[in-house]
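To start, the structure itself, in structure tokens.
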Amino acid sequence: MRLTRLNNIRMFILAAILLLLTSAAPVFSQSDTLADTENCLLCHRYPNMGRYDESGKKRVYFVNAQNYARSVHGKIKCKNCHIGLDRIPHTDVNKVDCATKCHIKEPSTHQEFSHANMIQKFEASVHGRGTPENPKPFPEDLPTCKDCHDNRMYNPFDGQWGLNEALFNETLARCIGCHTKEKWAQNFYSHFTHRMRQRRAPEEVVKLCTRCHEDVNKMTRHGLESIETFKDTFHWVEIKYGVKNAPDCISCHVPLGYSTHDIRPRSDPISPINAENRVQTCSNQGGVQVCHPSAKAKFATGRVHAYGTKAQMLIGRQVKGLEDLDIDRVMQRAETDISPQEIFRFKVLQLIKLFYKIMIGGTIMFMSLHQWLDFLRAKRKQKNRS
Amino acid sequence: MANNELALDDKTGVPSEAVAAERYFVRLNKSERVQHMIFAVCFFVLVATGFMLKLPESFLTFFGEAGEMLFRYRRLLHRTAGTVMILVGLYHVYYLLLKPAGRRWLVDMLPRFKDLKDMRDNLLYYFNIKKEPPEFDRFCYKHKIEYGALIAGTTIMSVTGIILWTQYEWSKFVVDIAALVHGMEAILASLAIMIWHFYEIHFRPHKSPLDNLWITGVISEDEMKEEYLLHYKKIMNDPELQKIFIKGSSGEK
């Protein structure tokens with residue numbers, strides 16, 4: 001907490017003194033692997049560097065040079081993304097914009113590289129902020145690049161085929177035969193193989209998506225329902241058991257041929273869960289994941305997640321957790337999203353459930369009572385005999 | 001299998017010289033015992049592998065890396081046991097309709113008005129209003145309820161199980177119904193077996209800790225008189241029935 005009282009200037013004076021007292025040699029040896037020509041690590045290599053900001057949030061300004069060099073952005077200079085920062089202390093901080101052109105030439109077009117095209121797609125998707133004329137409500141709820149993308153490490157490719165680091169060593173050795181600059185070859189190899197691996201285990205994907213999609217308040221604000229009913233499906237059971245082939249959110253909402261950045265509503269013809277595209281999505285022909293190769297149209301139509309809040313609201317049932325929330329938007333969406341046929345199906349399933357609940361309760365009560373009476377009688381008889 | 005059966009019989013069932021005078025009454029013949037054993041094993045495998053789906057997440061981290069393999073064997077075992085159970089069920093139908101012992105079983109198992117009266121009288125006996133229990137025939141109302149539940153349960157589980165297995169042939173709605181019914185019926189069947197059947201064979205004071213009827217197939221004359229007095233009287237008055245139901249009187253075991 002003492003840190004909160006230190007202002008930036010005092011922090012940097014302290015850092016400068018520390019720097020003078022220590023040898024600069026390790027800085028150069030570390031930054032050697034980095035494109036740190038701006039010498040940001042002069043200060044940012046100190047693990048204790050950070051502060052509590054005005055809202056009391058802990059901010060860490062330390063950069064682990066080795067880890068950064070091995071990350072997907074390892075070749076990019078700090079100031080390519082962190083625009084500004086010409087003054088020390090940095091009072092001219094701009095938020096990082098992933099659409100910035102970062103002075104790396106994209107080799108297929110020889111244009112300056114940028115994530116702008118991905119961001120464009122993303123903004124048009126369900127997760128985008130809408131257009132200036134038609135902005136979405138509560139933009140602060142919507143995900144940003146960094147919500148899903150942490151600056152990941154390039155690790156040796158250990159593949160889907162159970163291969164280990166040896167694969168990396170052998171392949172790299174072959175690359176270096178022609179591409180003599182080892183560092184370059186390693187980066188290229190890593191860049192390439194990074195796309196070949198499943199980056200998140202199914203359980204991690206579900207965790208990532210449910211961070212927002214199970215937040216009832218947030219979802220209700222946007223007219224959506226919490227997707228916890230996914231956890232009633234067989235798909236989730238497979239994930240629970242750690243089956244590698246198990247279907248997570250991405251498997252159905254972004255199958256082969258689609259982009260995570262371009263998730264569209266169900267009604268959109270280019271959505272994989274649109275009725276027209278369901279057979280391809282369920283069968284996943286040509287994809288790495290083996291799903292339901294024999295899926296037919298009638299199997300692929302219908303609900304995958306169990307019926308949730310919206311269906312319950314439509315049949316006029318009070319939904320737990322929504323009492324204090326404004327549910328108009330959800331109700332509106334429910335009416336357009338869920339057809340009368342689906343409501344009928346939901347009712348049938350509810351009825352079966354109710355029938356079995358009564359049946360189980362009744363049967364078990366009768367049986368327990370009957371057997372208990374039998375037991376008492378038998379005991380009494382034994383006693384009488386002895 | 002046959003040898004094992006005989007060995008077990010020798011060990012537990014056949015009276016030694018000293019008690020040769022004591023008579024044993026056949027409750028389950030050999031075919032019925034074998035059917036029961038296979039069915040029971042399948043039942044336990046199905047319950048275990050089926051309810052594995054309902055294990056909480058926190059518990060599954062315990063399996064770690066082995067989870068995936070476990071999941072694969074779970075499915076294989078569940079389907080194998082299910083298939084065997086269906087086959088035993090079909091054999092049982094064949095047995096009921098085409099074998100003399102099976103037909104006798106079917107006739108004795110049919111519900112009758114007497115069962116309702118028996119149930120009333122037995123409950124009155126439990127409450128100590130009547131001093132003597134009703135006289136039961138070969139199968140009393142408890143058996144008939146349980147047998148009926150078994151037939152219904154096995155049919156429902158088999159049909160829904162086959163639908164789930166062949167899910168591509170059905171619409172998602174049918175699969176959803178099958179999945180729901182399969183799960184609910186499983187809870188009902190497991191609880192019923194635990195409360196109704198396990199009580200009969202494990203917890204009734206004179207059966208504890210385990211009734212060995214399922215292996216030997218016979219009960220003593222005393223027990224016969226006490227539990228199935230009407231059937232006992234019928235047997236004693238009919239030499240034909242004696243051949244069937246008194247152990248050692250004829251070829252039937």
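Identifiers for the structure tokens are assigned positionally: chains receive A, B, ... in sequence, residues are indexed from 1 per chain, and ligands are indexed from 1 in the order shown.
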
I need the chain A residues near chain B as a CSV table (one decimal) with C-alpha atoms, in the first residue's frame; criterion: at most 6 Å, counting only C-alpha atoms.
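The resulting file, part.csv, is reproduced below:
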```
chain,number,residue,atom,x,y,z
A,241,TYR,CA,-13.3,-36.1,-18.6
A,242,GLY,CA,-10.5,-34.3,-20.4
A,243,VAL,CA,-11.2,-36.0,-23.8
A,295,ALA,CA,-24.8,-36.5,-39.1
A,298,LYS,CA,-32.8,-34.2,-38.9
A,299,PHE,CA,-30.1,-35.0,-36.4
A,302,GLY,CA,-32.6,-28.9,-32.9
A,360,ILE,CA,-39.5,-41.3,-8.3
A,373,LEU,CA,-42.7,-51.6,8.3
A,377,ARG,CA,-42.6,-56.5,12.0
```

Could you pull out all residues of region 6-247 of chain B with a DSSP call of alpha helix (DSSP H) and give them as a PyMOL selection string? chain B and resi 6-8+30-51+57-60+66-98+100-109+113-126+141-165+172-192+198+213-216+221-227+229-237+239-245

Tell me which of A:Arg129, A:Arg266, A:Cys145, A:Leu314 sits closest to Val96 (chain A), counting only C-alpha atoms. A:Cys145

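Running DSSP on the backbone and keeping only strand (DSSP E or B), the residues of region 28-222 of chain A that qualify are Gly50, Arg51, Tyr52, Lys58, Arg59, Val60, Ser71, Gly84, Val93, Lys105, Glu106, Gln111, Glu112, Gly130, Pro135 and Met153 of chain A.
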
Could you take the residues named above and write them with N, CA and C atoms, as a short mmCIF file (atom, residue, chain, number, x, y, z; two decimals), in the first residue's frame?
```cif
data_model
loop_
_atom_site.label_atom_id
_atom_site.label_comp_id
_atom_site.auth_asym_id
_atom_site.auth_seq_id
_atom_site.Cartn_x
_atom_site.Cartn_y
_atom_site.Cartn_z
N GLY A 50 6.44 -1.24 -10.73
CA GLY A 50 4.98 -1.23 -10.83
C GLY A 50 4.41 -0.22 -9.86
N ARG A 51 3.11 -0.14 -9.84
CA ARG A 51 2.47 0.79 -8.91
C ARG A 51 1.00 0.40 -8.75
N TYR A 52 0.37 0.99 -7.77
CA TYR A 52 -1.07 0.88 -7.66
C TYR A 52 -1.65 2.12 -8.31
N LYS A 58 -3.42 -3.04 -9.09
CA LYS A 58 -1.97 -3.25 -9.15
C LYS A 58 -1.53 -3.30 -10.62
N ARG A 59 -0.58 -2.47 -10.97
CA ARG A 59 -0.08 -2.47 -12.34
C ARG A 59 1.37 -2.92 -12.31
N VAL A 60 1.69 -3.87 -13.14
CA VAL A 60 3.06 -4.37 -13.19
C VAL A 60 3.70 -3.88 -14.48
N SER A 71 7.95 -14.86 -27.12
CA SER A 71 6.50 -14.74 -27.34
C SER A 71 6.20 -14.43 -28.80
N GLY A 84 3.87 6.72 -28.66
CA GLY A 84 4.13 7.81 -27.74
C GLY A 84 5.27 7.42 -26.82
N VAL A 93 1.04 8.34 -22.22
CA VAL A 93 0.72 6.93 -22.52
C VAL A 93 -0.56 6.83 -23.35
N LYS A 105 7.10 -5.96 -42.37
CA LYS A 105 6.52 -6.17 -43.70
C LYS A 105 5.81 -7.52 -43.71
N GLU A 106 4.57 -7.51 -44.12
CA GLU A 106 3.82 -8.77 -44.24
C GLU A 106 4.29 -9.41 -45.53
N GLN A 111 3.19 -5.30 -47.57
CA GLN A 111 2.63 -4.12 -46.91
C GLN A 111 3.06 -4.13 -45.45
N GLU A 112 2.93 -2.96 -44.82
CA GLU A 112 3.21 -2.92 -43.39
C GLU A 112 2.16 -3.76 -42.67
N GLY A 130 -20.47 -2.60 -32.92
CA GLY A 130 -21.50 -2.03 -33.79
C GLY A 130 -20.93 -0.89 -34.63
N PRO A 135 -24.53 2.05 -32.58
CA PRO A 135 -23.61 1.42 -31.61
C PRO A 135 -24.37 0.47 -30.68
N MET A 153 3.42 -17.64 -25.61
CA MET A 153 4.79 -18.10 -25.83
C MET A 153 4.84 -18.97 -27.08
#
```

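Between Phe198 (chain B) and the residues B:Leu124, B:Ala40, B:Glu32, B:Val218, the shortest atom-to-atom distance, using only C-alpha atoms, involves B:Ala40.
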
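Here the question is which of A:Lys240, A:Trp372, A:His222, A:Asn151 gets nearest to Leu325 (chain A) using only C-alpha atoms, and that residue is A:His222.
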
What's around Cys249 (chain A) at 9 Å? Count only C-alpha atoms, leave out sequence neighbours fewer than 5 positions away in its own chain, and write the answer as an mmCIF file with N, CA and C atoms, in the first residue's frame.
```cif
data_model
loop_
_atom_site.group_PDB
_atom_site.id
_atom_site.type_symbol
_atom_site.label_atom_id
_atom_site.label_comp_id
_atom_site.auth_asym_id
_atom_site.auth_seq_id
_atom_site.Cartn_x
_atom_site.Cartn_y
_atom_site.Cartn_z
ATOM 1 N N PRO A 202 -10.020 -27.801 -24.449
ATOM 2 C CA PRO A 202 -11.462 -27.510 -24.466
ATOM 3 C C PRO A 202 -11.945 -26.844 -23.165
ATOM 4 N N VAL A 205 -11.121 -23.222 -23.146
ATOM 5 C CA VAL A 205 -11.968 -22.436 -24.053
ATOM 6 C C VAL A 205 -13.298 -22.138 -23.361
ATOM 7 N N VAL A 206 -13.873 -23.177 -22.746
ATOM 8 C CA VAL A 206 -15.160 -22.979 -22.075
ATOM 9 C C VAL A 206 -15.002 -21.952 -20.951
ATOM 10 N N CYS A 209 -14.857 -18.412 -22.499
ATOM 11 C CA CYS A 209 -16.137 -17.886 -22.998
ATOM 12 C C CYS A 209 -17.120 -17.654 -21.859
ATOM 13 N N VAL A 254 -17.172 -21.953 -34.254
ATOM 14 C CA VAL A 254 -16.129 -21.575 -35.207
ATOM 15 C C VAL A 254 -15.500 -22.835 -35.788
#
```

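Going from CA of Ala149 (chain B) to CA of Thr233 (chain A) covers 28.3 Å.
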
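Between CA of Cys43 (chain A) and CA of Lys95 (chain A) lies a distance of 19.8 Å.
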
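Atom to atom, CA of Ile76 (chain A) and CA of His90 (chain A) stand 19.9 Å apart.
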
Name all residues at most 7 Å from region 286-291 of chain A (count only C-alpha atoms; drop same-chain ones fewer than 2 positions away) and give them as a ChimeraX atom specification. /A:245,256,282-284,293

Fewer than 3 positions away in the same chain doesn't count, so skip those; otherwise give me all residues within 7 Å of region 186-195 of chain A, counting only C-alpha atoms, as JSON, numbers by chain. {"A": [154, 157, 172, 182, 183]}
